[in-house]
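> Next comes the structure file my_file24.cif, holding mmCIF, C-alpha atoms and all ligand atoms.
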data_target
loop_
_atom_site.label_atom_id
_atom_site.label_comp_id
_atom_site.auth_asym_id
_atom_site.auth_seq_id
_atom_site.Cartn_x
_atom_site.Cartn_y
_atom_site.Cartn_z
CA MET A 1 101.66 100.54 114.11
CA LYS A 2 103.19 102.24 117.18
CA TYR A 3 104.78 105.69 116.78
CA ASN A 4 108.46 104.58 116.71
CA HIS A 5 107.76 101.81 114.17
CA GLY A 6 105.67 104.16 112.05
CA HIS A 7 108.49 106.68 112.15
CA ALA A 8 111.06 104.04 111.09
CA PHE A 9 108.75 102.91 108.28
CA LEU A 10 108.24 106.45 106.94
CA LYS A 11 112.00 107.07 107.09
CA ILE A 12 112.53 104.03 104.84
CA VAL A 13 109.86 105.33 102.42
CA SER A 14 111.29 108.86 102.42
CA GLU A 15 114.76 107.53 101.57
CA LYS A 16 113.50 105.29 98.77
CA LYS A 17 111.08 107.88 97.32
CA PRO A 18 108.99 105.30 95.44
CA LYS A 19 106.69 106.56 92.67
CA HIS A 20 104.84 103.25 92.57
CA PHE A 21 104.07 101.80 95.99
CA LEU A 22 102.23 98.52 96.71
CA GLU A 23 100.90 97.59 100.14
CA ILE A 24 99.54 94.11 100.85
CA GLY A 25 97.29 94.46 103.91
CA VAL A 26 95.70 97.90 104.10
CA PHE A 27 93.54 97.35 107.22
CA THR A 28 91.97 100.75 108.09
CA GLY A 29 94.30 102.65 105.76
CA VAL A 30 96.42 104.50 108.35
CA THR A 31 99.77 103.48 106.85
CA ALA A 32 98.31 104.06 103.38
CA ARG A 33 97.24 107.60 104.30
CA ASN A 34 100.60 108.47 105.90
CA THR A 35 102.47 107.02 102.94
CA CYS A 36 100.34 109.00 100.47
CA GLU A 37 100.87 112.23 102.45
CA LEU A 38 104.64 111.63 102.37
CA LEU A 39 104.72 110.70 98.66
CA ASN A 40 102.60 113.76 97.92
CA ASP A 41 105.20 115.93 99.71
CA ILE A 42 107.99 114.31 97.68
CA HIS A 43 106.40 113.92 94.22
CA GLY A 44 103.29 116.10 94.23
CA LYS A 45 100.51 114.20 92.45
CA ASP A 46 103.01 112.11 90.48
CA PHE A 47 102.84 108.84 92.45
CA GLN A 48 100.64 105.78 92.67
CA TYR A 49 99.59 103.76 95.71
CA THR A 50 98.00 100.30 95.30
CA GLY A 51 96.54 98.48 98.31
CA LEU A 52 95.31 94.89 98.49
CA ASP A 53 93.13 93.57 101.31
CA LEU A 54 90.19 91.34 102.09
CA PHE A 55 88.61 94.43 103.69
CA GLU A 56 85.17 93.52 105.15
CA ASP A 57 85.46 90.02 103.66
CA TYR A 58 87.92 89.24 106.47
CA VAL A 59 85.89 86.76 108.59
CA PRO A 60 86.77 84.57 111.61
CA GLU A 61 87.64 81.72 109.18
CA HIS A 62 90.67 83.84 108.21
CA ASP A 63 91.97 84.00 111.78
CA HIS A 64 94.98 81.81 110.89
CA GLU A 65 96.20 84.99 109.13
CA ILE A 66 96.64 86.66 112.56
CA ALA A 67 95.10 90.03 111.66
CA PRO A 68 94.86 92.80 114.31
CA ASN A 69 92.55 91.89 117.23
CA MET A 70 90.22 94.70 116.27
CA ILE A 71 88.81 92.72 113.34
CA ARG A 72 89.06 89.21 114.78
CA GLY A 73 85.62 87.94 115.78
CA ASN A 74 82.25 89.10 114.48
CA GLN A 75 82.22 92.78 115.47
CA GLN A 76 85.13 95.25 115.37
CA LYS A 77 86.52 95.72 118.86
CA PHE A 78 87.79 99.01 120.33
CA SER A 79 89.63 99.44 123.62
CA ASN A 80 88.11 102.94 123.77
CA PRO A 81 84.38 102.50 124.67
CA LEU A 82 83.51 105.81 123.00
CA LYS A 83 84.79 104.49 119.69
CA HIS A 84 82.59 101.42 120.17
CA ILE A 85 79.55 103.65 120.67
CA VAL A 86 80.36 105.92 117.72
CA TYR A 87 81.45 103.37 115.12
CA ASN A 88 79.53 100.22 116.08
CA LEU A 89 76.30 101.66 117.48
CA ILE A 90 75.75 105.09 115.93
CA LEU A 91 77.54 105.22 112.57
CA LYS A 92 77.63 101.42 112.14
CA GLU A 93 80.85 101.90 110.20
CA GLN A 94 83.36 99.09 109.85
CA LEU A 95 86.68 100.96 109.66
CA ASN A 96 88.45 98.26 107.64
CA SER A 97 85.68 98.06 105.01
CA PHE A 98 86.40 98.94 101.39
CA ASN A 99 84.04 101.94 101.52
CA SER A 100 85.40 103.29 104.79
CA VAL A 101 89.03 103.04 103.63
CA THR A 102 88.11 104.59 100.24
CA LYS A 103 86.55 107.52 102.11
CA PHE A 104 89.60 107.85 104.37
CA LEU A 105 91.91 108.02 101.33
CA LYS A 106 89.69 110.20 99.13
CA LYS A 107 92.13 113.13 99.26
CA PHE A 108 94.33 110.96 97.02
CA LYS A 109 91.57 109.40 94.93
CA ASN A 110 93.49 109.89 91.67
CA GLN A 111 96.62 108.23 93.07
CA VAL A 112 95.04 105.36 95.04
CA GLU A 113 93.82 102.01 93.79
CA LEU A 114 92.32 99.55 96.29
CA VAL A 115 91.85 95.92 95.32
CA LYS A 116 89.57 93.70 97.40
CA GLY A 117 90.17 89.96 97.73
CA ASP A 118 92.52 87.27 98.94
CA SER A 119 96.09 88.14 97.92
CA LYS A 120 96.50 84.61 96.56
CA LYS A 121 93.94 85.62 93.91
CA THR A 122 94.60 89.36 93.53
CA LEU A 123 98.42 89.54 93.65
CA PRO A 124 98.92 87.43 90.49
CA GLU A 125 96.80 90.05 88.64
CA ILE A 126 99.04 92.92 89.78
CA GLU A 127 101.84 94.26 87.55
CA ILE A 128 104.54 93.66 90.18
CA GLU A 129 107.31 94.75 87.78
CA LYS A 130 106.27 98.40 87.98
CA TYR A 131 106.59 98.92 91.77
CA ASP A 132 109.55 100.68 93.40
CA MET A 133 108.51 99.60 96.88
CA ILE A 134 106.33 96.70 98.09
CA PHE A 135 105.19 96.50 101.72
CA VAL A 136 104.09 92.97 102.68
CA ASP A 137 101.72 93.21 105.67
CA GLY A 138 98.63 91.17 104.77
CA GLY A 139 97.94 87.63 105.91
CA HIS A 140 100.57 86.47 108.41
CA SER A 141 100.35 82.68 107.86
CA PHE A 142 103.40 80.93 106.38
CA GLU A 143 101.31 79.80 103.41
CA THR A 144 100.21 83.35 102.48
CA VAL A 145 103.51 85.16 103.08
CA ASN A 146 105.40 82.43 101.23
CA PHE A 147 103.01 82.65 98.27
CA GLU A 148 103.35 86.45 98.12
CA LEU A 149 107.14 86.50 98.46
CA GLN A 150 107.71 83.79 95.85
CA LEU A 151 105.64 85.79 93.37
CA ILE A 152 107.12 89.17 94.27
CA ILE A 153 110.74 88.02 94.16
CA SER A 154 110.25 86.26 90.83
CA LYS A 155 108.75 89.37 89.18
CA CYS A 156 109.90 92.56 90.90
CA LYS A 157 112.58 94.95 89.62
CA LYS A 158 116.02 94.21 91.07
CA ASP A 159 116.06 97.60 92.81
CA CYS A 160 112.54 97.27 94.21
CA LEU A 161 112.49 97.74 98.00
CA VAL A 162 110.65 94.71 99.42
CA LEU A 163 109.77 95.22 103.08
CA VAL A 164 107.98 92.61 105.21
CA ASP A 165 106.34 93.65 108.48
CA ASP A 166 106.26 91.57 111.68
CA TYR A 167 109.39 89.54 111.03
CA ASP A 168 110.05 87.83 114.38
CA HIS A 169 106.47 88.39 115.59
CA GLN A 170 105.84 86.22 118.68
CA VAL A 171 102.51 84.84 117.48
CA ALA A 172 102.90 85.01 113.68
CA SER A 173 105.98 82.79 113.35
CA GLY A 174 105.08 81.96 109.73
CA VAL A 175 106.32 85.38 108.60
CA LYS A 176 109.91 84.76 109.72
CA LYS A 177 109.82 81.21 108.37
CA ALA A 178 108.68 82.41 104.92
CA VAL A 179 111.24 85.26 104.82
CA ASP A 180 114.16 83.08 105.98
CA GLN A 181 113.23 80.35 103.52
CA ILE A 182 113.17 82.56 100.42
CA VAL A 183 116.30 84.46 101.47
CA SER A 184 118.25 81.23 101.82
CA GLU A 185 116.70 79.54 98.75
CA LYS A 186 117.38 82.45 96.38
CA LYS A 187 120.55 83.68 98.14
CA LEU A 188 119.11 87.14 98.86
CA LYS A 189 120.17 89.79 101.37
CA LEU A 190 118.22 90.41 104.56
CA ASN A 191 118.27 93.53 106.76
CA ILE A 192 116.10 94.03 109.83
CA PHE A 193 114.93 97.53 110.77
CA SER A 194 113.33 98.70 114.00
CA GLY A 195 113.24 95.07 115.22
CA ARG A 196 110.31 94.16 112.96
CA PHE A 197 110.76 95.17 109.29
CA ALA A 198 112.62 92.69 107.09
CA GLN A 199 114.08 94.21 103.95
CA ILE A 200 114.80 91.64 101.26
CA SER A 201 117.12 92.66 98.45
CA PHE A 202 119.04 91.07 95.59
C1 LIG A 301 98.35 93.83 110.00
S1 LIG A 301 96.96 94.32 109.05
C2 LIG A 301 97.63 95.49 107.95
C3 LIG A 301 98.05 96.75 108.63
C4 LIG A 301 98.41 97.88 107.68
N1 LIG A 301 99.48 97.50 106.78
C5 LIG A 301 98.86 99.08 108.49
O1 LIG A 301 100.08 99.28 108.62
O2 LIG A 301 98.00 99.81 109.00
C6 LIG A 301 96.71 92.90 108.06
C7 LIG A 301 95.62 93.05 106.99
O3 LIG A 301 95.76 91.96 106.10
C8 LIG A 301 94.49 91.55 105.65
N2 LIG A 301 94.57 90.16 105.20
C9 LIG A 301 94.73 89.05 105.97
N3 LIG A 301 94.81 87.96 105.20
C10 LIG A 301 94.72 88.39 103.92
C11 LIG A 301 94.72 87.73 102.65
N4 LIG A 301 94.88 86.40 102.57
N5 LIG A 301 94.59 88.46 101.54
C12 LIG A 301 94.44 89.83 101.62
N6 LIG A 301 94.44 90.51 102.78
C13 LIG A 301 94.57 89.79 103.91
C14 LIG A 301 93.57 91.77 106.84
O4 LIG A 301 92.25 91.96 106.37
C15 LIG A 301 94.18 93.00 107.52
O5 LIG A 301 93.50 94.17 107.15
#
I need this file expressed as structure tokens, please.

Amino acid sequence: MKYNHGHAFLKIVSEKKPKHFLEIGVFTGVTARNTCELLNDIHGKDFQYTGLDLFEDYVPEHDHEIAPNMIRGNQQKFSNPLKHIVYNLILKEQLNSFNSVTKFLKKFKNQVELVKGDSKKTLPEIEIEKYDMIFVDGGHSFETVNFELQLIISKCKKDCLVLVDDYDHQVASGVKKAVDQIVSEKKLKLNIFSGRFAQISF
């Protein structure tokens, strides 16, 4: 996430002050780490972050989900050649793997729960009712976003802040289609922030 979008995202989190935060699509854990730092400033240790992702099980067969270029293909790609040497050749560390993200978030090990698997299998097992904020940024296909939103909207608290990333994304048009469809179907409210975050509310 670029600086200005990250800043807009953290502003939304700091205004909502969620104690229970769910992120679908953790990737390398950068947003997770920043969110945990912020929630730690607000609540001390009294918060919980849950993150769902395929982690290293993301394979080229999932490319219809339009994940970041870094993990599309068989080896993680870096624009910085030094990162390629360090992570791919020396450390042989896949930065979006479950172990790597767990290590990156270990400062908050008592607050963080990471769940590996396809959201179409893992999300139905999650207690959606307890979250104050849900950030939808996993698979970007219409099928996946639609599945997640239908489930979230049917179960979440009425004051839960549901935020979907990459609304209006040039390549991932399924995100906008899924958001627009549920908003119109269930007569919900839609607000767009920073040109990319869609907030859905009742
Ligand atoms: C755009 S990245 C998430 C970025 C992260 N939210 C951030 O701000 O740093 C999308 C992530 O969704 C994951 N993903 C894609 N399809 C998925 C699926 N069907 N179930 C679970 N995770 C999925 C990918 O593995 C990838 O890590």
> Return as a ChimeraX atom specification every polymer residue, whether protein, DNA or RNA, with at least one atom no more than 8 Å from an atom of ligand LIG 301 (chain A); count only C-alpha atoms and all ligand atoms.
/A:1,23-32,52-58,62,65-68,71,96,116-120,135-140,144
> Separation of atom CA of A:Phe142 and atom CA of A:Ser154, in Å?
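Result for atom CA of A:Phe142 versus atom CA of A:Ser154: 17.8 Å, one decimal.
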> Quick one: pull the distance between atom CA of A:Ile12 and atom CA of A:Tyr49, Å, one decimal.
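If I compute the distance from atom CA of A:Ile12 to atom CA of A:Tyr49, I get 15.8 Å.
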> Just give me the gap between atom CA of A:His7 and atom CA of A:Leu190 in Å, one decimal is fine.
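About the pair atom CA of A:His7 and atom CA of A:Leu190: they are 20.4 Å apart.
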> Name all residues at most 9 Å from A:Phe104 (count only C-alpha atoms; drop same-chain ones fewer than 2 positions away) and give them as an NGL selection string.
:A and (28-30 or 33 or 99-102 or 106-107)
> Select, from A:Ser184, A:Asn191, A:Asn4, A:Gln111, the residue with the minimum atom-to-atom distance to A:Asp46, counting all atoms listed in the file.
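Among the listed residues, the smallest separation from A:Asp46 belongs to A:Gln111.
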> Calculated over all atoms listed in the file, which of the candidates A:Cys160, A:Val171, A:Leu22, A:Ile182 has the smallest distance to A:Leu114?
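Using all atoms listed in the file, A:Leu114 sits closest to A:Leu22.
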> Pick from A:Phe21, A:Phe202, A:Tyr131, A:Phe147: nearest to A:Lys189, with all atoms listed in the file counted?
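For A:Lys189, the nearest of the given residues is A:Phe202.
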> Measuring between all atoms listed in the file, which one of A:Pro60, A:Gln181, A:Val175, A:Val164 shows the shortest distance to A:Gln199?
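Ranked by minimum distance to A:Gln199, first place goes to A:Val164.
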> Within 10 Å of A:His5, counting all atoms listed in the file, which residues show up once you throw out same-chain ones fewer than 5 positions away? Write them as a list in words, please.
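Counting only the stated atoms, we get Leu10, Lys11, Phe193, Ser194, Gly195, Arg196 and Phe197 of chain A.
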> Write the residues you've just listed into a file as a PDB file, in the frame of the given file, and include C-alpha atoms for each of them.

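Output file selection-v2.pdb is given in full below:
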ATOM      1  CA  LEU A  10     108.240 106.450 106.940  1.00  0.00           C
ATOM      2  CA  LYS A  11     112.000 107.070 107.090  1.00  0.00           C
ATOM      3  CA  PHE A 193     114.930  97.530 110.770  1.00  0.00           C
ATOM      4  CA  SER A 194     113.330  98.700 114.000  1.00  0.00           C
ATOM      5  CA  GLY A 195     113.240  95.070 115.220  1.00  0.00           C
ATOM      6  CA  ARG A 196     110.310  94.160 112.960  1.00  0.00           C
ATOM      7  CA  PHE A 197     110.760  95.170 109.290  1.00  0.00           C
TER       8      PHE A 197
END
> Name the closest residue to A:Glu143 among the candidates A:Gln75, A:Lys177, A:Asp168, A:Asn34; distances are taken between atoms, counting only C-alpha atoms.
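Checking each of A:Gln75, A:Lys177, A:Asp168, A:Asn34 against A:Glu143, counting only C-alpha atoms, the winner is A:Lys177.
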> Taking only C-alpha atoms into account, which of A:Met70, A:Glu113, A:Ser79, A:Thr35 comes nearest A:Gln94?
A:Met70
> List the neighbours of A:Glu127 out to 10 Å using all atoms listed in the file; skip same-chain residues closer than 5 positions along the sequence, and give me the result as a PyMOL selection string.
chain A and resi 152+155-156
> Generate the output file for the selected residues, C-alpha atoms, as a short mmCIF file (atom, residue, chain, number, x, y, z; two decimals), in the frame of the given file.

data_model
loop_
_atom_site.label_atom_id
_atom_site.label_comp_id
_atom_site.auth_asym_id
_atom_site.auth_seq_id
_atom_site.Cartn_x
_atom_site.Cartn_y
_atom_site.Cartn_z
CA ILE A 152 107.12 89.17 94.27
CA LYS A 155 108.75 89.37 89.18
CA CYS A 156 109.90 92.56 90.90
#
